[in-house]
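> This one is upload37.txt, compact mmCIF, C-alpha atoms.
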# COMPACT_ATOMS: atom_id res chain seq x y z
CA MET A 1 -23.76 11.08 -37.82
CA ALA A 2 -20.25 9.76 -37.09
CA LEU A 3 -20.08 6.24 -35.67
CA LEU A 4 -16.44 6.51 -34.59
CA ASN A 5 -14.16 8.90 -32.82
CA VAL A 6 -10.36 8.96 -32.93
CA ALA A 7 -9.86 6.82 -29.81
CA SER A 8 -12.33 4.13 -30.89
CA ALA A 9 -10.91 4.05 -34.43
CA ILE A 10 -7.42 3.40 -33.05
CA ALA A 11 -8.74 0.70 -30.69
CA ILE A 12 -10.63 -1.05 -33.49
CA PHE A 13 -7.55 -1.00 -35.73
CA LEU A 14 -5.41 -2.58 -33.01
CA LEU A 15 -7.97 -5.25 -32.16
CA ALA A 16 -8.78 -6.09 -35.78
CA SER A 17 -5.16 -6.22 -36.95
CA THR A 18 -4.05 -8.33 -33.98
CA TYR A 19 -6.95 -10.74 -34.51
CA ALA A 20 -6.15 -10.97 -38.23
CA PHE A 21 -2.60 -12.13 -37.52
CA LEU A 22 -3.69 -14.46 -34.71
CA SER A 23 -6.09 -16.12 -37.16
CA LEU A 24 -3.04 -17.30 -39.15
CA LEU A 25 -1.77 -19.40 -36.25
CA PRO A 26 -1.79 -23.17 -36.79
CA SER A 27 -4.68 -24.65 -34.85
CA PRO A 28 -4.72 -25.64 -32.05
CA THR A 29 -1.93 -23.37 -30.81
CA SER A 30 -1.58 -21.47 -27.56
CA VAL A 31 -0.33 -17.89 -27.74
CA SER A 32 2.55 -16.87 -25.53
CA LEU A 33 2.59 -13.54 -23.72
CA LEU A 34 5.67 -12.52 -25.73
CA THR A 35 3.90 -13.20 -29.03
CA LEU A 36 0.74 -11.36 -28.01
CA SER A 37 2.71 -8.40 -26.68
CA LEU A 38 4.82 -8.01 -29.80
CA LEU A 39 1.81 -8.45 -32.11
CA PHE A 40 0.09 -5.62 -30.25
CA PHE A 41 3.17 -3.41 -30.37
CA ASN A 42 3.98 -4.14 -34.02
CA ASN A 43 0.41 -3.30 -35.05
CA LEU A 44 0.52 -0.13 -32.98
CA ASN A 45 3.81 0.72 -34.66
CA ILE A 46 2.25 0.11 -38.09
CA PHE A 47 -0.60 2.48 -37.23
CA ILE A 48 1.74 5.17 -35.92
CA ALA A 49 4.04 4.67 -38.92
CA MET A 50 1.13 5.45 -41.24
CA CYS A 51 0.45 8.56 -39.16
CA GLU A 52 4.15 9.48 -39.41
CA ILE A 53 3.88 9.32 -43.19
CA VAL A 54 0.90 11.67 -42.85
CA LEU A 55 3.18 13.94 -40.80
CA GLY A 56 5.71 14.17 -43.62
CA LEU A 57 3.17 14.62 -46.40
CA ASN A 58 1.03 17.20 -44.61
CA ILE A 59 3.52 19.29 -42.64
CA LEU A 60 2.22 22.59 -44.04
CA THR A 61 -1.34 21.73 -42.99
CA ILE A 62 -0.04 20.73 -39.57
CA LYS A 63 1.82 24.05 -39.22
CA GLU A 64 -1.33 26.05 -39.91
CA ASP A 65 -3.53 23.95 -37.62
CA TYR A 66 -0.91 24.20 -34.86
CA LYS A 67 -1.00 28.00 -35.03
CA ARG A 68 -4.77 27.91 -34.58
CA LEU A 69 -4.60 25.45 -31.67
CA HIS A 70 -1.76 27.32 -30.00
CA ALA A 71 -3.68 30.60 -30.12
CA LYS A 72 -6.74 28.89 -28.64
CA TYR A 73 -5.26 26.64 -25.94
CA ALA A 74 -1.77 27.86 -25.04
CA PRO A 75 -2.70 31.16 -23.30
CA GLY A 76 -4.59 29.30 -20.57
CA ASN A 77 -2.19 26.33 -20.41
CA ASN A 78 -5.15 24.25 -21.57
CA GLU A 79 -3.33 21.85 -23.90
CA TRP A 80 -4.91 18.93 -22.03
CA SER A 81 -8.33 19.94 -23.37
CA ALA A 82 -6.98 19.98 -26.92
CA CYS A 83 -5.74 16.39 -26.55
CA VAL A 84 -9.03 15.17 -25.10
CA LYS A 85 -10.92 16.97 -27.86
CA PHE A 86 -8.79 15.28 -30.51
CA LEU A 87 -9.22 11.79 -29.05
CA THR A 88 -13.00 12.24 -28.83
CA MET A 89 -13.30 13.95 -32.22
CA PRO A 90 -16.01 12.23 -34.33
CA ILE A 91 -14.75 10.73 -37.60
CA PRO A 92 -17.19 10.41 -40.52
CA LEU A 93 -16.55 7.21 -42.45
CA SER A 94 -15.75 9.33 -45.51
CA GLN A 95 -12.77 10.83 -43.64
CA LEU A 96 -11.61 7.73 -41.76
CA CYS A 97 -8.62 7.30 -44.07
CA SER A 98 -7.99 10.99 -44.67
CA GLY A 99 -4.51 11.94 -43.61
CA LYS A 100 -5.01 15.64 -44.24
CA HIS A 101 -8.42 16.11 -42.60
CA THR A 102 -8.22 13.59 -39.76
CA TRP A 103 -4.86 12.14 -38.80
CA SER A 104 -2.73 15.24 -39.40
CA LYS A 105 -4.54 16.70 -36.38
CA MET A 106 -2.69 14.18 -34.21
CA TRP A 107 0.53 16.06 -34.91
CA SER A 108 -0.80 19.60 -34.67
CA THR A 109 -2.27 18.65 -31.27
CA TYR A 110 0.91 16.91 -30.06
CA SER A 111 2.86 19.98 -31.19
CA LEU A 112 1.25 21.87 -28.32
CA TYR A 113 3.58 19.80 -26.11
CA ASP A 114 6.47 19.63 -28.56
CA PRO A 115 6.49 22.30 -31.31
CA SER A 116 9.25 20.43 -33.16
CA TYR A 117 6.54 18.33 -34.80
CA GLN A 118 5.25 21.30 -36.76
CA ASN A 119 8.81 22.19 -37.80
CA HIS A 120 10.12 20.22 -40.77
CA GLU A 121 13.69 21.21 -39.86
CA SER A 122 13.62 19.45 -36.47
CA PHE A 123 14.99 16.06 -35.44
CA GLY A 124 11.60 14.97 -34.09
CA PHE A 125 9.97 15.52 -37.46
CA PHE A 126 12.58 13.64 -39.45
CA ILE A 127 13.08 10.69 -37.08
CA ASP A 128 9.35 10.01 -37.08
CA PHE A 129 8.86 10.54 -40.81
CA GLY A 130 11.82 8.23 -41.42
CA ASN A 131 10.42 5.60 -39.06
CA GLY A 132 7.09 5.82 -40.85
CA LEU A 133 8.68 5.12 -44.21
CA SER A 134 10.94 2.30 -43.00
CA THR A 135 9.29 0.26 -40.23
CA ILE A 136 6.02 -0.98 -41.72
CA PRO A 137 7.53 -3.88 -43.78
CA PRO A 138 9.73 -5.12 -40.88
CA SER A 139 6.75 -4.98 -38.51
CA MET A 140 4.69 -7.05 -40.95
CA LEU A 141 7.56 -9.51 -41.35
CA MET A 142 7.89 -9.99 -37.58
CA ASN A 143 4.13 -10.55 -37.27
CA LEU A 144 4.18 -13.23 -39.96
CA ALA A 145 7.23 -14.91 -38.43
CA MET A 146 5.44 -15.10 -35.08
CA VAL A 147 2.23 -16.71 -36.34
CA LEU A 148 3.18 -18.83 -39.37
CA ASP A 149 4.72 -22.28 -39.26
CA THR A 150 7.97 -21.15 -40.89
CA THR A 151 9.37 -24.70 -40.98
CA ARG A 152 7.01 -25.39 -43.90
CA TYR A 153 9.05 -23.01 -46.05
CA ALA A 154 12.53 -24.04 -44.90
CA ASP A 155 13.23 -26.59 -47.66
CA SER A 156 11.54 -24.78 -50.53
CA ASN A 157 13.31 -22.71 -53.16
CA SER A 158 10.74 -19.91 -53.08
CA TRP A 159 11.32 -16.35 -51.89
CA SER A 160 9.47 -17.19 -48.68
CA SER A 161 12.22 -19.60 -47.62
CA THR A 162 14.62 -16.65 -47.53
CA VAL A 163 12.30 -13.94 -46.22
CA LEU A 164 10.95 -16.14 -43.41
CA SER A 165 14.30 -17.71 -42.54
CA PRO A 166 15.50 -17.25 -38.93
CA LEU A 167 18.62 -15.44 -40.15
CA PHE A 168 16.69 -12.86 -42.20
CA VAL A 169 13.90 -12.37 -39.67
CA GLY A 170 16.33 -12.09 -36.76
CA CYS A 171 18.56 -9.53 -38.47
CA VAL A 172 15.73 -7.37 -39.82
CA GLY A 173 13.81 -7.48 -36.55
CA LEU A 174 16.89 -6.67 -34.51
CA ALA A 175 17.64 -3.64 -36.71
CA MET A 176 14.05 -2.37 -36.53
CA TYR A 177 13.60 -2.69 -32.77
CA TRP A 178 16.95 -1.05 -32.11
CA GLN A 179 16.11 1.76 -34.56
CA VAL A 180 12.83 2.69 -32.91
CA MET A 181 14.21 2.33 -29.37
CA TYR A 182 17.30 4.44 -30.08
CA GLY A 183 15.20 7.09 -31.81
CA THR A 184 12.91 7.23 -28.77
CA ILE A 185 15.83 7.61 -26.35
CA ILE A 186 17.32 10.48 -28.36
CA TYR A 187 13.92 12.13 -28.75
CA VAL A 188 13.18 12.04 -25.00
CA LEU A 189 16.65 13.41 -24.22
CA SER A 190 16.04 16.20 -26.74
CA PHE A 191 12.65 16.95 -25.17
CA MET A 192 14.19 17.20 -21.71
CA PHE A 193 17.34 19.07 -22.79
CA ASN A 194 15.28 21.75 -24.52
CA ARG A 195 13.00 21.98 -21.46
CA ARG A 196 9.84 21.56 -23.47
CA TYR A 197 8.11 20.33 -20.33
CA GLU A 198 8.13 23.82 -18.83
CA GLY A 199 4.67 25.28 -18.27
CA LYS A 200 3.05 21.83 -18.39
CA SER A 201 1.88 19.75 -15.45
CA THR A 202 3.77 16.59 -14.49
CA LEU A 203 0.63 14.53 -15.17
CA GLU A 204 0.24 15.93 -18.69
CA VAL A 205 3.87 15.39 -19.63
CA SER A 206 3.81 11.89 -18.12
CA LEU A 207 0.69 10.87 -20.06
CA PHE A 208 1.16 12.51 -23.44
CA VAL A 209 4.96 12.34 -23.67
CA GLY A 210 6.27 9.90 -21.08
CA ILE A 211 3.89 6.95 -21.26
CA SER A 212 3.26 7.21 -25.01
CA ASN A 213 6.97 7.25 -25.87
CA SER A 214 7.85 4.60 -23.26
CA LEU A 215 6.00 2.04 -25.37
CA TRP A 216 8.74 2.46 -27.99
CA PHE A 217 11.36 1.73 -25.33
CA PHE A 218 10.05 -1.25 -23.36
CA PHE A 219 8.38 -3.24 -26.16
CA PRO A 220 11.49 -3.03 -28.41
CA ILE A 221 13.51 -4.53 -25.55
CA ALA A 222 11.24 -7.58 -25.78
CA GLY A 223 11.61 -7.48 -29.56
CA ILE A 224 15.41 -7.37 -29.37
CA TYR A 225 15.37 -10.29 -26.92
CA SER A 226 13.20 -12.36 -29.27
CA CYS A 227 15.43 -11.61 -32.28
CA VAL A 228 18.57 -12.57 -30.37
CA CYS A 229 16.87 -15.87 -29.46
CA ILE A 230 15.90 -16.42 -33.12
CA LEU A 231 19.51 -15.94 -34.24
CA ARG A 232 20.86 -18.07 -31.38
CA ASP A 233 18.42 -20.97 -31.83
CA GLY A 234 18.03 -20.83 -35.62
CA ASN A 235 14.24 -21.10 -35.32
CA MET A 236 11.12 -19.28 -34.06
CA SER A 237 10.69 -21.35 -30.92
CA VAL A 238 10.91 -18.23 -28.75
CA PHE A 239 7.35 -17.44 -29.84
CA ARG A 240 5.94 -20.88 -29.02
Take the structure from the file and write it as structure tokens.


Amino acid sequence: MALLNVASAIAIFLLASTYAFLSLLPSPTSVSLLTLSLLFFNNLNIFIAMCEIVLGLNILTIKEDYKRLHAKYAPGNNEWSACVKFLTMPIPLSQLCSGKHTWSKMWSTYSLYDPSYQNHESFGFFIDFGNGLSTIPPSMLMNLAMVLDTTRYADSNSWSSTVLSPLFVGCVGLAMYWQVMYGTIIYVLSFMFNRRYEGKSTLEVSLFVGISNSLWFFFPIAGIYSCVCILRDGNMSVFR
């Protein structure tokens, strides 16, 4: 009997990872809304980045599963049911970390709304696979910069004095947040230009395309703001 489904597994990952980073805060320390928001987003981005790596490594499996889902749900414009079924799909613990058998289904299901994700020649496929490969280390770096007392490493000659320096963190963070925000803008424009919303209800497109992708627009704005403050101030006080 499976103890988890897809939605609860994602929620547990976000809660556990955010708590893990918060536990590194010097005590007693209050947590600002900016810090909490970016920790949540960065951990969500890390999770999605791992799923984007699954997308690249299992595209052939995703293609075949998409064909099956499309034949089952598309004729009745019932893609909504496919999404709900995926989110409530039980996950045996033995398959919790299985990209092929569990998390690849995220992309075959999303492809019902945007078939470019089962096409390895599309922009959507490559921008997400590229983000998956490149944004996990910067997300981890930003998390550490937000919760650690980086002044402890400022005068040392170790690698941490460079990696956790305001200059390095600010530049890397600025590049990452701009990358994911720009990619999202171009993706949404591509989705609209190619009229992939046709045949879908406004509510469905708003939930599964609009709201989900908007997270990678609004949160990066906060991230860009914080990195500009880091570079301007020469410290991490924006998170305090």

> Which neighbours of Trp107 in chain A fall inside 9 Å, counting all atoms listed in the file, when residues of the same chain fewer than 6 positions from it are skipped, and could you give them as a PyMOL selection string?

chain A and resi 51-52+55+59+62+66+117-118

> Around range 67-75 of chain A, with edges along x, y and z and 5 Å added on all six sides, what centre and edge lengths do you get, in Å to one decimal, as lines of an AutoDock Vina configuration file?


center_x = -3.9
center_y = 28.3
center_z = -29.2
size_x = 15.7
size_y = 15.7
size_z = 21.7

> Counting all atoms listed in the file, write as a ChimeraX atom specification all protein and nucleic acid residues lying at most 12 Å from (7.5, 12.2, -22.1) in the file's frame.

/A:110,113-114,184-192,195-197,200-217

> Export, as a PDB file, keeping the file's coordinate frame, the selected residues with C-alpha atoms.


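The resulting result.pdb:
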ATOM      1  CA  TYR A 110       0.910  16.910 -30.060  1.00  0.00           C
ATOM      2  CA  TYR A 113       3.580  19.800 -26.110  1.00  0.00           C
ATOM      3  CA  ASP A 114       6.470  19.630 -28.560  1.00  0.00           C
ATOM      4  CA  THR A 184      12.910   7.230 -28.770  1.00  0.00           C
ATOM      5  CA  ILE A 185      15.830   7.610 -26.350  1.00  0.00           C
ATOM      6  CA  ILE A 186      17.320  10.480 -28.360  1.00  0.00           C
ATOM      7  CA  TYR A 187      13.920  12.130 -28.750  1.00  0.00           C
ATOM      8  CA  VAL A 188      13.180  12.040 -25.000  1.00  0.00           C
ATOM      9  CA  LEU A 189      16.650  13.410 -24.220  1.00  0.00           C
ATOM     10  CA  SER A 190      16.040  16.200 -26.740  1.00  0.00           C
ATOM     11  CA  PHE A 191      12.650  16.950 -25.170  1.00  0.00           C
ATOM     12  CA  MET A 192      14.190  17.200 -21.710  1.00  0.00           C
ATOM     13  CA  ARG A 195      13.000  21.980 -21.460  1.00  0.00           C
ATOM     14  CA  ARG A 196       9.840  21.560 -23.470  1.00  0.00           C
ATOM     15  CA  TYR A 197       8.110  20.330 -20.330  1.00  0.00           C
ATOM     16  CA  LYS A 200       3.050  21.830 -18.390  1.00  0.00           C
ATOM     17  CA  SER A 201       1.880  19.750 -15.450  1.00  0.00           C
ATOM     18  CA  THR A 202       3.770  16.590 -14.490  1.00  0.00           C
ATOM     19  CA  LEU A 203       0.630  14.530 -15.170  1.00  0.00           C
ATOM     20  CA  GLU A 204       0.240  15.930 -18.690  1.00  0.00           C
ATOM     21  CA  VAL A 205       3.870  15.390 -19.630  1.00  0.00           C
ATOM     22  CA  SER A 206       3.810  11.890 -18.120  1.00  0.00           C
ATOM     23  CA  LEU A 207       0.690  10.870 -20.060  1.00  0.00           C
ATOM     24  CA  PHE A 208       1.160  12.510 -23.440  1.00  0.00           C
ATOM     25  CA  VAL A 209       4.960  12.340 -23.670  1.00  0.00           C
ATOM     26  CA  GLY A 210       6.270   9.900 -21.080  1.00  0.00           C
ATOM     27  CA  ILE A 211       3.890   6.950 -21.260  1.00  0.00           C
ATOM     28  CA  SER A 212       3.260   7.210 -25.010  1.00  0.00           C
ATOM     29  CA  ASN A 213       6.970   7.250 -25.870  1.00  0.00           C
ATOM     30  CA  SER A 214       7.850   4.600 -23.260  1.00  0.00           C
ATOM     31  CA  LEU A 215       6.000   2.040 -25.370  1.00  0.00           C
ATOM     32  CA  TRP A 216       8.740   2.460 -27.990  1.00  0.00           C
ATOM     33  CA  PHE A 217      11.360   1.730 -25.330  1.00  0.00           C
TER      34      PHE A 217
END

> Hey, which of A:Ile53, A:Ala20, A:Leu39, A:Leu44 ends up closest to Ile127 in chain A? Count only C-alpha atoms.

A:Ile53

> One number please: CA of Arg68 in chain A to CA of Thr88 in chain A, in Å, one decimal.

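Taking CA of Arg68 in chain A and CA of Thr88 in chain A, their separation equals 18.6 Å.
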
> Measuring between all atoms listed in the file, which one of A:Leu14, A:Val163, A:Val238, A:Ala9 shows the shortest distance to Asn42 in chain A?

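Going through A:Leu14, A:Val163, A:Val238, A:Ala9 one by one, the smallest distance to Asn42 in chain A is for A:Leu14.
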
> Name the residues in contact with Ile46 in chain A at a cut-off of 6 Å, using all atoms listed in the file, excluding same-chain residues fewer than 3 positions from it; report them as a list of chain:residue names.

A:Asn43, A:Ala49, A:Ile136

> Of the residues A:Pro220, A:Pro75, A:Pro138, A:Gly130, which is the one nearest to Leu112 in chain A, using all atoms listed in the file?

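With all atoms listed in the file as the atom set, the closest residue is A:Pro75.
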
> How many Å lie between CA of Phe193 in chain A and CA of Val180 in chain A, rounded to one decimal?

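Answer for the CA of Phe193 in chain A to CA of Val180 in chain A separation: 19.8 Å.
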
> In Å, how far is it from CA of Tyr225 in chain A to CA of Met140 in chain A?

17.9 Å

> For range 94-102 of chain A, find every residue with an atom within 10 Å (counting only C-alpha atoms), except residues of its own chain fewer than 2 positions away, and show them as a compact mmCIF listing (two decimals) with C-alpha atoms, in the frame of the given file.


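Generated output (result_13.txt):
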# COMPACT_ATOMS: atom_id res chain seq x y z
CA ALA A 2 -20.25 9.76 -37.09
CA LEU A 4 -16.44 6.51 -34.59
CA ASN A 5 -14.16 8.90 -32.82
CA VAL A 6 -10.36 8.96 -32.93
CA ALA A 9 -10.91 4.05 -34.43
CA MET A 50 1.13 5.45 -41.24
CA CYS A 51 0.45 8.56 -39.16
CA GLU A 52 4.15 9.48 -39.41
CA ILE A 53 3.88 9.32 -43.19
CA VAL A 54 0.90 11.67 -42.85
CA LEU A 55 3.18 13.94 -40.80
CA LEU A 57 3.17 14.62 -46.40
CA ASN A 58 1.03 17.20 -44.61
CA ILE A 59 3.52 19.29 -42.64
CA THR A 61 -1.34 21.73 -42.99
CA ILE A 62 -0.04 20.73 -39.57
CA PHE A 86 -8.79 15.28 -30.51
CA MET A 89 -13.30 13.95 -32.22
CA PRO A 90 -16.01 12.23 -34.33
CA ILE A 91 -14.75 10.73 -37.60
CA PRO A 92 -17.19 10.41 -40.52
CA SER A 104 -2.73 15.24 -39.40
CA LYS A 105 -4.54 16.70 -36.38
CA MET A 106 -2.69 14.18 -34.21

> Select, counting only C-alpha atoms, all protein, DNA and RNA residues no farther than 12 Å from (18.6, -17.2, -32.8) in file coordinates, and express the selection as a list in words.

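Applying the cut-off with only C-alpha atoms, one gets Ser165, Pro166, Leu167, Phe168, Val169, Gly170, Cys171, Gly173, Leu174, Ile224, Tyr225, Ser226, Cys227, Val228, Cys229, Ile230, Leu231, Arg232, Asp233, Gly234, Asn235, Met236, Ser237, Val238 and Phe239 of chain A.
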
> Which is closest to Leu60 in chain A among A:Asn119, A:Ile48, A:Val31, A:Ala7, if we use all atoms listed in the file?

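That would be A:Asn119, the residue with the smallest distance to Leu60 in chain A.
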
> Select, from A:Glu198, A:Leu93, A:Asp128, A:Ser37, the residue with the minimum atom-to-atom distance to Asn77 in chain A, counting only C-alpha atoms.

A:Glu198

> Quick one: of A:Tyr73, A:Asp149, A:Leu141, A:Gly183, who's nearest to Phe123 in chain A, counting only C-alpha atoms?

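Among the listed residues, A:Gly183 lies closest to Phe123 in chain A.
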
> Need the shell around Leu69 in chain A: protein/DNA/RNA residues with any atom at most 9 Å away, counting all atoms listed in the file. Skip same-chain ones fewer than 6 positions apart. Format as number ranges by chain?

A: 79, 82, 108-109, 112

> Residues near Thr35 in chain A, anyone? I mean within 12 Å using all atoms listed in the file, not counting same-chain ones fewer than 2 positions away, as a ChimeraX atom specification.

/A:18,21-22,25,29-33,37-42,142-148,219,222-223,226,236-240

> Would you save range 10-38 of chain A to a file, keeping N, CA and C atoms, as a short mmCIF file (atom, residue, chain, number, x, y, z; two decimals), in the first residue's frame?


data_model
loop_
_atom_site.label_atom_id
_atom_site.label_comp_id
_atom_site.auth_asym_id
_atom_site.auth_seq_id
_atom_site.Cartn_x
_atom_site.Cartn_y
_atom_site.Cartn_z
N ILE A 10 5.47 15.99 -3.28
CA ILE A 10 6.01 17.31 -3.60
C ILE A 10 5.92 18.23 -2.38
N ALA A 11 4.79 18.20 -1.68
CA ALA A 11 4.61 19.04 -0.50
C ALA A 11 5.63 18.70 0.59
N ILE A 12 5.85 17.42 0.82
CA ILE A 12 6.81 16.99 1.84
C ILE A 12 8.22 17.42 1.46
N PHE A 13 8.57 17.31 0.19
CA PHE A 13 9.90 17.75 -0.25
C PHE A 13 10.09 19.24 0.03
N LEU A 14 9.09 20.04 -0.31
CA LEU A 14 9.21 21.49 -0.11
C LEU A 14 9.30 21.85 1.36
N LEU A 15 8.48 21.23 2.18
CA LEU A 15 8.51 21.51 3.62
C LEU A 15 9.83 21.06 4.25
N ALA A 16 10.26 19.84 3.91
CA ALA A 16 11.47 19.28 4.51
C ALA A 16 12.71 20.06 4.08
N SER A 17 12.81 20.39 2.80
CA SER A 17 13.99 21.10 2.31
C SER A 17 14.04 22.53 2.86
N THR A 18 12.89 23.19 2.94
CA THR A 18 12.86 24.54 3.50
C THR A 18 13.24 24.52 4.99
N TYR A 19 12.70 23.55 5.72
CA TYR A 19 13.05 23.42 7.14
C TYR A 19 14.53 23.13 7.33
N ALA A 20 15.09 22.29 6.45
CA ALA A 20 16.51 21.93 6.56
C ALA A 20 17.40 23.17 6.44
N PHE A 21 17.09 24.05 5.50
CA PHE A 21 17.88 25.27 5.36
C PHE A 21 17.62 26.25 6.50
N LEU A 22 16.37 26.34 6.94
CA LEU A 22 16.07 27.24 8.06
C LEU A 22 16.79 26.81 9.33
N SER A 23 17.04 25.51 9.47
CA SER A 23 17.73 25.00 10.66
C SER A 23 19.18 25.46 10.72
N LEU A 24 19.71 25.97 9.60
CA LEU A 24 21.09 26.46 9.58
C LEU A 24 21.21 27.91 10.02
N LEU A 25 20.07 28.56 10.22
CA LEU A 25 20.10 29.96 10.66
C LEU A 25 20.74 30.09 12.04
N PRO A 26 21.53 31.14 12.25
CA PRO A 26 22.04 31.40 13.60
C PRO A 26 20.86 31.65 14.55
N SER A 27 20.96 31.14 15.74
CA SER A 27 19.84 31.28 16.68
C SER A 27 20.21 32.29 17.77
N PRO A 28 19.29 33.14 18.24
CA PRO A 28 17.93 33.31 17.69
C PRO A 28 17.94 34.30 16.52
N THR A 29 17.25 33.97 15.45
CA THR A 29 17.18 34.84 14.29
C THR A 29 15.77 34.81 13.71
N SER A 30 15.22 35.98 13.47
CA SER A 30 13.92 36.05 12.81
C SER A 30 14.11 35.87 11.30
N VAL A 31 13.09 35.36 10.65
CA VAL A 31 13.16 35.10 9.21
C VAL A 31 12.29 36.12 8.49
N SER A 32 12.90 36.84 7.56
CA SER A 32 12.14 37.83 6.81
C SER A 32 11.27 37.14 5.77
N LEU A 33 10.25 37.86 5.32
CA LEU A 33 9.36 37.33 4.29
C LEU A 33 10.11 37.07 2.99
N LEU A 34 11.07 37.94 2.67
CA LEU A 34 11.87 37.76 1.46
C LEU A 34 12.67 36.47 1.53
N THR A 35 13.30 36.23 2.67
CA THR A 35 14.09 35.00 2.84
C THR A 35 13.22 33.76 2.73
N LEU A 36 12.11 33.76 3.43
CA LEU A 36 11.21 32.60 3.40
C LEU A 36 10.66 32.37 2.00
N SER A 37 10.31 33.43 1.30
CA SER A 37 9.76 33.31 -0.04
C SER A 37 10.79 32.73 -1.01
N LEU A 38 12.02 33.23 -0.94
CA LEU A 38 13.04 32.75 -1.87
C LEU A 38 13.50 31.34 -1.51
#
